[in-house]
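Contents: one structure, followed by commentary.
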Amino acid sequence: MADEEEAELSEKQKKEIAKWFLLNSPPGEIQFVAKDVKAVLNDDVLYEEAASEAFPLYNKSHLISLEMPGRIGDVIVTSFGQLNETEFIDPRTAQVAIVNHIKQVCTEVRPALDEELPSAYVEEFRCALDAEMLKYVDEAYPKGICSVYCGNGKDVEGPGSDFELVVVISAARHSPQNFCNGSWRSVWNIEFKDELQMLELSGKLQVGAHYFEEGNVQLDAKHECKDTTIFQSSEDSAIAIGNIIRQHETEYLSSLEESYSNLPDTTFKDLRRKLPVTRTLFPWQNTLQFSLTRDITKELGIGK
């Protein structure tokens, strides 16, 4: 039994453990975790294998944004804009960013091909919604980034067919020198249903935070919501969608603030025993019934 417990981990097991640590790194901290994982593995080949698999998944799940060369804008690393393993499109600038996942940098860009872009009809709705979301994100999220992608039906040429747009919002605040990092991620799928003349929205919101000053506290909160509105012109649809997203995200943030402001009075109290193991409250008003109290009183001459 002892020999089995002390058996050396296989290379596959080591790689999977390394990947787990990398994938579960708090927002903005994967490079710090990677440095420690590499030191613990002490095997460059094994580390490169784990990192090459973990970093792309982490980058896409955390919706990291990278500055494109020439300061033409930022690209969000997301599956909705992914063309291949290293290429991600930025619909606003119609540029394709080539990304180094492990270094988390955009190394170069190229113009998007016509077949990589939506039709003029879909682009009209996408541009209108993009402009509306830019205004919202600038107001609501410091250093926030947003992008609007065509999820389905990018070749739709006009009314009569359905298509889907996807709004991706990513905001991060990294302050490791102050022992805290955090991120906001939200993805909104908007289905434009032509026959029903309806827009169906489904949102997935996620907040992550890590405080590690003299401790280690993490937050990973998720929320999903749905809503509908009527199919209108591109500009009117964009305004309606923007108002819905603003409402749901504001309500969720308010609920988070309220729940965490009540932590001391609710959750933290529930972590403690309401009664001691004797199932009776401690009689602070009559402590003399306990022998230890009587002994101390006698020795110190209290009450004489």
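Order determines the names: the first chain of the structure tokens is A, the second B, and so forth; residues in each chain are numbered 1 upward, and ligands are numbered 1 upward as they are shown.
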- Quick one: everything within 12 Å of Asp220 of chain A, counting only C-alpha atoms, minus sequence neighbours fewer than 2 positions away in the same chain. Send it as an MDAnalysis selection string. chainID A and resid 24:27 62 182:185 205:210 217:218 222:223 256
For the residues in that selection, give me N, CA and C atoms as a CSV table (one decimal), in the first residue's frame.
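Done, and the output landed in again.csv:
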```csv
chain,number,residue,atom,x,y,z
A,24,ASN,N,-7.6,27.1,-14.0
A,24,ASN,CA,-8.3,27.6,-12.8
A,24,ASN,C,-7.6,28.8,-12.2
A,25,SER,N,-6.7,29.4,-13.0
A,25,SER,CA,-6.0,30.6,-12.5
A,25,SER,C,-7.1,31.7,-12.4
A,26,PRO,N,-7.0,32.6,-11.3
A,26,PRO,CA,-7.9,33.7,-11.2
A,26,PRO,C,-7.7,34.7,-12.4
A,27,PRO,N,-8.6,35.6,-12.5
A,27,PRO,CA,-8.5,36.6,-13.6
A,27,PRO,C,-7.2,37.3,-13.6
A,62,HIS,N,-11.9,33.5,-20.5
A,62,HIS,CA,-11.8,34.8,-19.8
A,62,HIS,C,-12.0,36.0,-20.7
A,182,GLY,N,-9.8,41.4,-10.9
A,182,GLY,CA,-11.2,41.0,-11.1
A,182,GLY,C,-11.6,41.2,-12.6
A,183,SER,N,-12.7,40.6,-12.9
A,183,SER,CA,-13.1,40.7,-14.3
A,183,SER,C,-14.7,40.5,-14.4
A,184,TRP,N,-15.2,41.2,-15.4
A,184,TRP,CA,-16.6,41.0,-15.8
A,184,TRP,C,-16.7,40.5,-17.2
A,185,ARG,N,-17.5,39.4,-17.4
A,185,ARG,CA,-17.7,38.9,-18.7
A,185,ARG,C,-19.2,38.7,-19.0
A,205,LEU,N,-23.9,36.1,-17.8
A,205,LEU,CA,-23.0,37.0,-17.1
A,205,LEU,C,-22.1,36.3,-16.1
A,206,GLN,N,-20.9,36.7,-16.0
A,206,GLN,CA,-20.0,36.1,-15.0
A,206,GLN,C,-19.0,37.2,-14.4
A,207,VAL,N,-18.9,37.1,-13.1
A,207,VAL,CA,-18.0,38.0,-12.4
A,207,VAL,C,-17.0,37.2,-11.6
A,208,GLY,N,-15.7,37.6,-11.8
A,208,GLY,CA,-14.7,36.9,-11.1
A,208,GLY,C,-13.8,37.9,-10.3
A,209,ALA,N,-13.4,37.5,-9.1
A,209,ALA,CA,-12.5,38.4,-8.3
A,209,ALA,C,-11.7,37.6,-7.4
A,210,HIS,N,-10.5,38.1,-7.1
A,210,HIS,CA,-9.5,37.4,-6.3
A,210,HIS,C,-8.8,38.5,-5.4
A,217,VAL,N,-9.2,34.9,-1.0
A,217,VAL,CA,-10.6,34.9,-1.2
A,217,VAL,C,-11.0,35.1,-2.7
A,218,GLN,N,-11.8,34.2,-3.2
A,218,GLN,CA,-12.2,34.3,-4.6
A,218,GLN,C,-13.7,34.3,-4.8
A,222,LYS,N,-22.1,33.6,-11.4
A,222,LYS,CA,-22.7,33.5,-12.7
A,222,LYS,C,-24.2,33.7,-12.7
A,223,HIS,N,-24.7,34.2,-13.8
A,223,HIS,CA,-26.1,34.5,-13.9
A,223,HIS,C,-26.5,34.4,-15.3
A,256,LEU,N,-25.8,41.7,-6.7
A,256,LEU,CA,-24.5,41.3,-6.1
A,256,LEU,C,-24.1,42.2,-5.0
```
- Go through A:Glu251, A:Cys180, A:Ser175, A:Val122 and flag the residue nearest Glu214 of chain A, using only C-alpha atoms for the distances. A:Cys180
- From the set A:Gly215, A:Pro91, A:Pro142, A:Pro69, which residue has the shortest atom-to-atom contact distance to Glu108 of chain A, counting only C-alpha atoms?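 Comparing A:Gly215, A:Pro91, A:Pro142, A:Pro69 against Glu108 of chain A, the winner is A:Pro69.
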Please identify all polymer residues within 8 Å of Ile64 of chain A, counting only C-alpha atoms, omitting same-chain residues fewer than 5 positions from it, and present them as a compact mmCIF listing (two decimals) with N, CA and C atoms, in the first residue's frame.
```txt
# COMPACT_ATOMS: atom_id res chain seq x y z
N ASN A 59 -7.73 31.78 -22.31
CA ASN A 59 -7.90 33.09 -22.96
C ASN A 59 -9.31 33.28 -23.49
N ILE A 76 -10.95 40.95 -28.96
CA ILE A 76 -11.34 40.04 -27.88
C ILE A 76 -11.08 38.62 -28.33
N VAL A 77 -10.40 37.86 -27.49
CA VAL A 77 -10.15 36.45 -27.79
C VAL A 77 -11.37 35.66 -27.37
N THR A 78 -12.20 35.32 -28.32
CA THR A 78 -13.45 34.60 -28.05
C THR A 78 -13.74 33.63 -29.17
N SER A 170 -16.27 42.50 -22.18
CA SER A 170 -15.20 42.05 -21.30
C SER A 170 -14.57 43.26 -20.61
```
- Query: Which of segment 104-176 of chain A counts as helix (DSSP H, G or I) under DSSP, as a list in words please?
  - Reply: Asp114, Glu115, Glu116, Ala120, Tyr121, Val122, Glu123, Glu124, Phe125, Arg126, Cys127, Ala128, Leu129, Asp130, Ala131, Glu132, Met133, Leu134, Lys135, Tyr136, Val137, Asp138, Glu139, Ala140 and Pro176 of chain A
- Counting only C-alpha atoms, the residue of A:Phe125, A:Tyr260, A:Trp20, A:Tyr141 that sits nearest Ile239 of chain A: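 Using only C-alpha atoms, the shortest distance to Ile239 of chain A belongs to A:Phe125.
Distance-wise, atom CA of Gln95 of chain A and atom CA of Arg110 of chain A end up 5.7 Å apart.
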- If we count only C-alpha atoms, what is near Ala131 of chain A at a cut-off of 10 Å, once residues fewer than 4 positions away on the same chain are taken out, given as a count of residues only? 11
- Pick from A:Val137, A:Val168, A:Asp236, A:Ile241: nearest to Leu201 of chain A, with only C-alpha atoms counted? A:Ile241
- Note on the structure: Counting only C-alpha atoms, the residue among A:Leu129, A:Cys150, A:Val187, A:Val33 that lies closest to Lys204 of chain A is A:Val187
- Message: Please compute the atom CA of Leu219 of chain A-atom CA of Asp138 of chain A distance, one decimal, in Å.
- Response: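 So the answer is 24.4 Å.
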- Message: Give me, as a PyMOL selection string, all polymer residues having an atom no more than 7 Å from Val75 of chain A, counting only C-alpha atoms and skipping those fewer than 6 positions away in the same chain.
- Response: chain A and resi 65-68+90
- Item | Nearby residues (only C-alpha atoms) at most 8 Å from Lys193 of chain A, same-chain spacing under 3 positions excluded, as an MDAnalysis selection string | chainID A and resid 161:163 196:200 231
Dump as a PDB file, in the first residue's frame, selection limited to N, CA, C and O atoms:
```
ATOM      1  N   SER A 161     -35.259  35.952 -43.790  1.00  0.00           N
ATOM      2  CA  SER A 161     -34.469  34.884 -43.157  1.00  0.00           C
ATOM      3  C   SER A 161     -34.006  35.323 -41.775  1.00  0.00           C
ATOM      4  O   SER A 161     -33.902  36.519 -41.484  1.00  0.00           O
ATOM      5  N   ASP A 162     -33.745  34.338 -40.936  1.00  0.00           N
ATOM      6  CA  ASP A 162     -33.277  34.605 -39.580  1.00  0.00           C
ATOM      7  C   ASP A 162     -31.755  34.717 -39.550  1.00  0.00           C
ATOM      8  O   ASP A 162     -31.053  34.141 -40.390  1.00  0.00           O
ATOM      9  N   PHE A 163     -31.261  35.457 -38.584  1.00  0.00           N
ATOM     10  CA  PHE A 163     -29.819  35.511 -38.332  1.00  0.00           C
ATOM     11  C   PHE A 163     -29.603  35.797 -36.851  1.00  0.00           C
ATOM     12  O   PHE A 163     -30.556  36.105 -36.121  1.00  0.00           O
ATOM     13  N   LEU A 196     -41.461  35.725 -37.095  1.00  0.00           N
ATOM     14  CA  LEU A 196     -42.184  36.126 -35.887  1.00  0.00           C
ATOM     15  C   LEU A 196     -42.065  37.621 -35.612  1.00  0.00           C
ATOM     16  O   LEU A 196     -42.749  38.153 -34.739  1.00  0.00           O
ATOM     17  N   GLN A 197     -41.146  38.280 -36.319  1.00  0.00           N
ATOM     18  CA  GLN A 197     -40.868  39.698 -36.081  1.00  0.00           C
ATOM     19  C   GLN A 197     -40.518  39.950 -34.608  1.00  0.00           C
ATOM     20  O   GLN A 197     -41.012  40.882 -33.976  1.00  0.00           O
ATOM     21  N   MET A 198     -39.678  39.045 -34.079  1.00  0.00           N
ATOM     22  CA  MET A 198     -39.266  39.108 -32.684  1.00  0.00           C
ATOM     23  C   MET A 198     -37.753  38.969 -32.567  1.00  0.00           C
ATOM     24  O   MET A 198     -37.104  38.349 -33.416  1.00  0.00           O
ATOM     25  N   LEU A 199     -37.217  39.560 -31.527  1.00  0.00           N
ATOM     26  CA  LEU A 199     -35.812  39.366 -31.170  1.00  0.00           C
ATOM     27  C   LEU A 199     -35.784  38.633 -29.829  1.00  0.00           C
ATOM     28  O   LEU A 199     -36.417  39.073 -28.867  1.00  0.00           O
ATOM     29  N   GLU A 200     -35.073  37.530 -29.775  1.00  0.00           N
ATOM     30  CA  GLU A 200     -34.947  36.756 -28.540  1.00  0.00           C
ATOM     31  C   GLU A 200     -33.526  36.894 -28.016  1.00  0.00           C
ATOM     32  O   GLU A 200     -32.569  36.577 -28.717  1.00  0.00           O
ATOM     33  N   PHE A 231     -38.943  43.025 -33.570  1.00  0.00           N
ATOM     34  CA  PHE A 231     -38.011  43.207 -34.685  1.00  0.00           C
ATOM     35  C   PHE A 231     -38.321  44.560 -35.324  1.00  0.00           C
ATOM     36  O   PHE A 231     -39.418  44.781 -35.843  1.00  0.00           O
TER      37      PHE A 231
END
```
- All residues 7 Å or closer to segment 34-47 of chain A, only C-alpha atoms, same chain fewer than 4 positions away omitted, as a list of chain:residue names: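 In the requested format, the answer is A:Lys15, A:Ala18, A:Leu22, A:Ile30, A:Ala51.
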